[in-house]
Amino acid sequence: MKLTEMVGSSEAVKMTQLSQKLTIGGETKAYPVYRIRLDVLRYNSRNDRIATRISEYAEEHDGALPDEGDVSKFNDLVEEYIVASNPEKLKATESSIRDNEQQVPGVVLEDGLVIDGNRRFTCLRRLARNNDKYNWFEASILPESVGGDREALKCLELALQFGREERVGYDPVDRLVGVYRDLIDPETRIETLTPEKYARSAGIPIARLNGYISRAKLMVDFLEFAGAPKRFSLARTLKIDGPLGEIENIFKKCDGEEQIERVKVHAFANILVEPEDITRFMRKMRRVVGEGNCDDFLDKEDDLAAEVVNRLENLGEVDAKTIRDEIRSDQKLKNEMLEAVDIAEYEARRSKVLDSPIQAIDEARKRLGGVDPEIVAHFSDDMKRQMRVSLRNLREAFDAIENMLDA
């Protein structure tokens with residue numbers, strides 16, 4: 001039975017005097033708010049945060065997904081994930097609801113699927129175990145037609161998730177997973193949802209979304225390299241969002257696609273080994289690529305990267321534990337990788353210092369070449385005297401540099 005059909009015929013759904021404005025499919029209007037008993041509601045497995053945890057469940061159960069038909073068991077499972085994802089934030093929300101009741105209505109579908117308000121729904125479930133007065137979730141119920149429109153539903157989720165301060169706090173990897181699933185992955189992408197619609201709904205510039213898209217693809221590349229394709233829980237556990245951003249900055253310093261691919265392999269290998277704080281390590285790599293002899297560095301690292309690839313092939317099952325026990329536990333490998341980048345960074349700095357006098361002279365030559373004779377011809381006598389003094393000082397500077405070379 002639809003939730004709205006339960007009003008009057010069941011004690012599970014009750015009308016309130018409240019309403020909230022929602023924009024769906026470009027149309028904004030006020031939707032009534034209902035009090036809905038918790039046991040007729042269920043979590044949305046397609047929610048970006050929840051979907052990442054569901055994939056983790058599948059990894060631990062030979063690819064099997066949790067049974068959403070057993071609503072009570074499924075809700076208990078997802079509740080555990082939500083509590084574990086941010087215990088402090090959940091505790092604060094739970095305390096607020098206990099003291100002030102639910103202040104912001106959620107959004108649900110006619111079939112009881114919670115579209116917005118997962119944290120509030122979770123807190124009410126926990127509170128209701130000790131006090132039945134919390135056994136109600138206040139929410140608007142969307143028309144059945146909206147539930148069948150993935151694009152409209154996703155745009156609404158994005159607007160609700162990122163358009164209000166309470167919703168801020170997405171795990172960066174969860175956000176990348178959402179972008180990948182909705183816009184990139186051929187198995188799950190929403191065909192009609194364009195990046196422009198996504199960015200507009202989320203209230204972010206298209207340039208930022210393009211950055212998320214690029215990083216999401218890089219995350220999937222990393223998981224493929226690690227032998228854990230689409231194992232997004234591994235990406236979250238390893239906290240790779242920051243390092244991925246640093247890798248993208250390194251790419252900007254590369255000389256062509258071939259070098260980018262080599263840098264990618266070496267960067268991924270170093271993320272898995274983690275010779276030191278990986279963001280700091282990536283910044284060292286960026287200086288080497290941008291200022292040093294990148295190919296020499298990559299040549300020296302080839303054997304180390306090959307060693308990582310070889311170990312991955314021998315691991316079989318790849319997860320955070322095997323990476324920690326079989327790769328990151330090797331202090332010798334860590335030291336070799338750290339030494340390689342430290343030496344390359346030192347050489348890059350030294351080369352930059354040694355080249356700086358030559359660069360200064362070349363720059364001076366280029367600037368002198370820009371002196372326009374037609375402009376000089378119109379100088380006053382005083383300006384010409386000033387120019388002769390400057391040229392005399394310049395000759396003295398050149399003489400001093402030549403004396404350095406002769407010394």
# chains A, B, ... in the order shown; residues from 1 in each chain; ligands from 1
call {"tool": "select_by_dssp", "arguments": {"residues": "region 111-229 of chain A", "states": "strand (DSSP E or B)", "output": "PyMOL selection string"}}
result
chain A and resi 113-116+136-142
call {"tool": "residues_around", "arguments": {"residues": "region 15-18 of chain A", "least_positions_apart": "3", "cutoff": "7 Å", "atoms": "only C-alpha atoms", "output": "list in words"}}
result
Val7, Pro32, Val33, Tyr34 and Arg35 of chain A
call {"tool": "closest_residue", "arguments": {"among": "A:Leu142, A:Ala400, A:Val220, A:Leu234", "to": "Ala30 (chain A)", "atoms": "only C-alpha atoms"}}
result
A:Leu142
call {"tool": "closest_residue", "arguments": {"among": "A:Tyr43, A:Lys253, A:Ser72, A:Asp325", "to": "Arg120 (chain A)", "atoms": "only C-alpha atoms"}}
result
A:Tyr43
call {"tool": "select_by_dssp", "arguments": {"residues": "region 29-154 of chain A", "states": "alpha helix (DSSP H)", "output": "NGL selection string"}}
result
:A and (48-60 or 71-85 or 87-100 or 118-128 or 144-147 or 150-154)
call {"tool": "atom_distance", "arguments": {"atom1": "CA of Lys89 (chain A)", "atom2": "CA of Asn75 (chain A)"}}
result
19.4 Å
call {"tool": "atom_distance", "arguments": {"atom1": "CA of Glu396 (chain A)", "atom2": "CA of Phe379 (chain A)"}}
result
23.7 Å
call {"tool": "closest_residue", "arguments": {"among": "A:Ile247, A:Ala305, A:Ile323, A:Ala364", "to": "Arg280 (chain A)", "atoms": "only C-alpha atoms"}}
result
A:Ile247
call {"tool": "closest_residue", "arguments": {"among": "A:Gly211, A:Gly63, A:Gly112, A:Pro87", "to": "Asp241 (chain A)", "atoms": "only C-alpha atoms"}}
result
A:Gly211
call {"tool": "closest_residue", "arguments": {"among": "A:Asp185, A:Asp330, A:Leu368, A:Phe281", "to": "Ser390 (chain A)", "atoms": "only C-alpha atoms"}}
result
A:Leu368
call {"tool": "residues_around", "arguments": {"residues": "Gly227 (chain A)", "least_positions_apart": "3", "cutoff": "7 Å", "atoms": "only C-alpha atoms", "output": "ChimeraX atom specification"}}
result
/A:223-224,312,318
call {"tool": "atom_distance", "arguments": {"atom1": "CA of Asn270 (chain A)", "atom2": "CA of Lys334 (chain A)"}}
result
8.6 Å
call {"tool": "residues_around", "arguments": {"residues": "Phe251 (chain A)", "least_positions_apart": "5", "cutoff": "9 Å", "atoms": "only C-alpha atoms", "output": "number ranges by chain"}}
result
A: 246, 256-257, 259-260, 263-264, 286, 289
call {"tool": "residues_around", "arguments": {"residues": "Asp39 (chain A)", "least_positions_apart": "5", "cutoff": "12 Å", "atoms": "only C-alpha atoms", "output": "PyMOL selection string"}}
result
chain A and resi 3+11-13+70-76+112-114+121-122+124-125+128-129+134-137
call {"tool": "write_last_selection", "arguments": {"atoms": "C-alpha atoms", "output": "mmCIF file, in the first residue's frame"}}
result
data_model
loop_
_atom_site.group_PDB
_atom_site.id
_atom_site.type_symbol
_atom_site.label_atom_id
_atom_site.label_comp_id
_atom_site.auth_asym_id
_atom_site.auth_seq_id
_atom_site.Cartn_x
_atom_site.Cartn_y
_atom_site.Cartn_z
ATOM 1 C CA LEU A 3 1.998 5.739 2.158
ATOM 2 C CA GLU A 11 -2.227 4.440 12.133
ATOM 3 C CA ALA A 12 1.108 4.288 10.289
ATOM 4 C CA VAL A 13 0.790 7.635 8.447
ATOM 5 C CA ASP A 70 13.762 -8.119 4.785
ATOM 6 C CA VAL A 71 13.232 -4.435 5.597
ATOM 7 C CA SER A 72 13.962 -4.690 9.320
ATOM 8 C CA LYS A 73 17.242 -6.548 8.836
ATOM 9 C CA PHE A 74 18.288 -4.283 5.948
ATOM 10 C CA ASN A 75 17.562 -1.143 7.971
ATOM 11 C CA ASP A 76 19.554 -2.482 10.931
ATOM 12 C CA GLY A 112 8.614 4.220 2.038
ATOM 13 C CA LEU A 113 12.085 4.794 0.602
ATOM 14 C CA VAL A 114 13.904 7.568 2.492
ATOM 15 C CA PHE A 121 15.835 8.640 10.449
ATOM 16 C CA THR A 122 18.736 6.785 12.082
ATOM 17 C CA LEU A 124 14.858 8.408 15.593
ATOM 18 C CA ARG A 125 15.278 4.628 15.194
ATOM 19 C CA ALA A 128 12.555 4.917 19.637
ATOM 20 C CA ARG A 129 14.046 1.769 21.162
ATOM 21 C CA TYR A 134 10.279 9.028 18.769
ATOM 22 C CA ASN A 135 8.793 6.283 16.592
ATOM 23 C CA TRP A 136 7.720 8.805 13.946
ATOM 24 C CA PHE A 137 9.547 10.428 11.041
#
call {"tool": "residues_around", "arguments": {"residues": "Lys230 (chain A)", "least_positions_apart": "5", "cutoff": "12 Å", "atoms": "only C-alpha atoms", "output": "JSON, numbers by chain"}}
result
{"A": [51, 52, 55, 56, 58, 59, 63, 176, 177, 180, 181, 185, 187, 216, 217, 218, 219, 220, 221, 222, 223, 224, 225, 235, 236, 318, 319]}
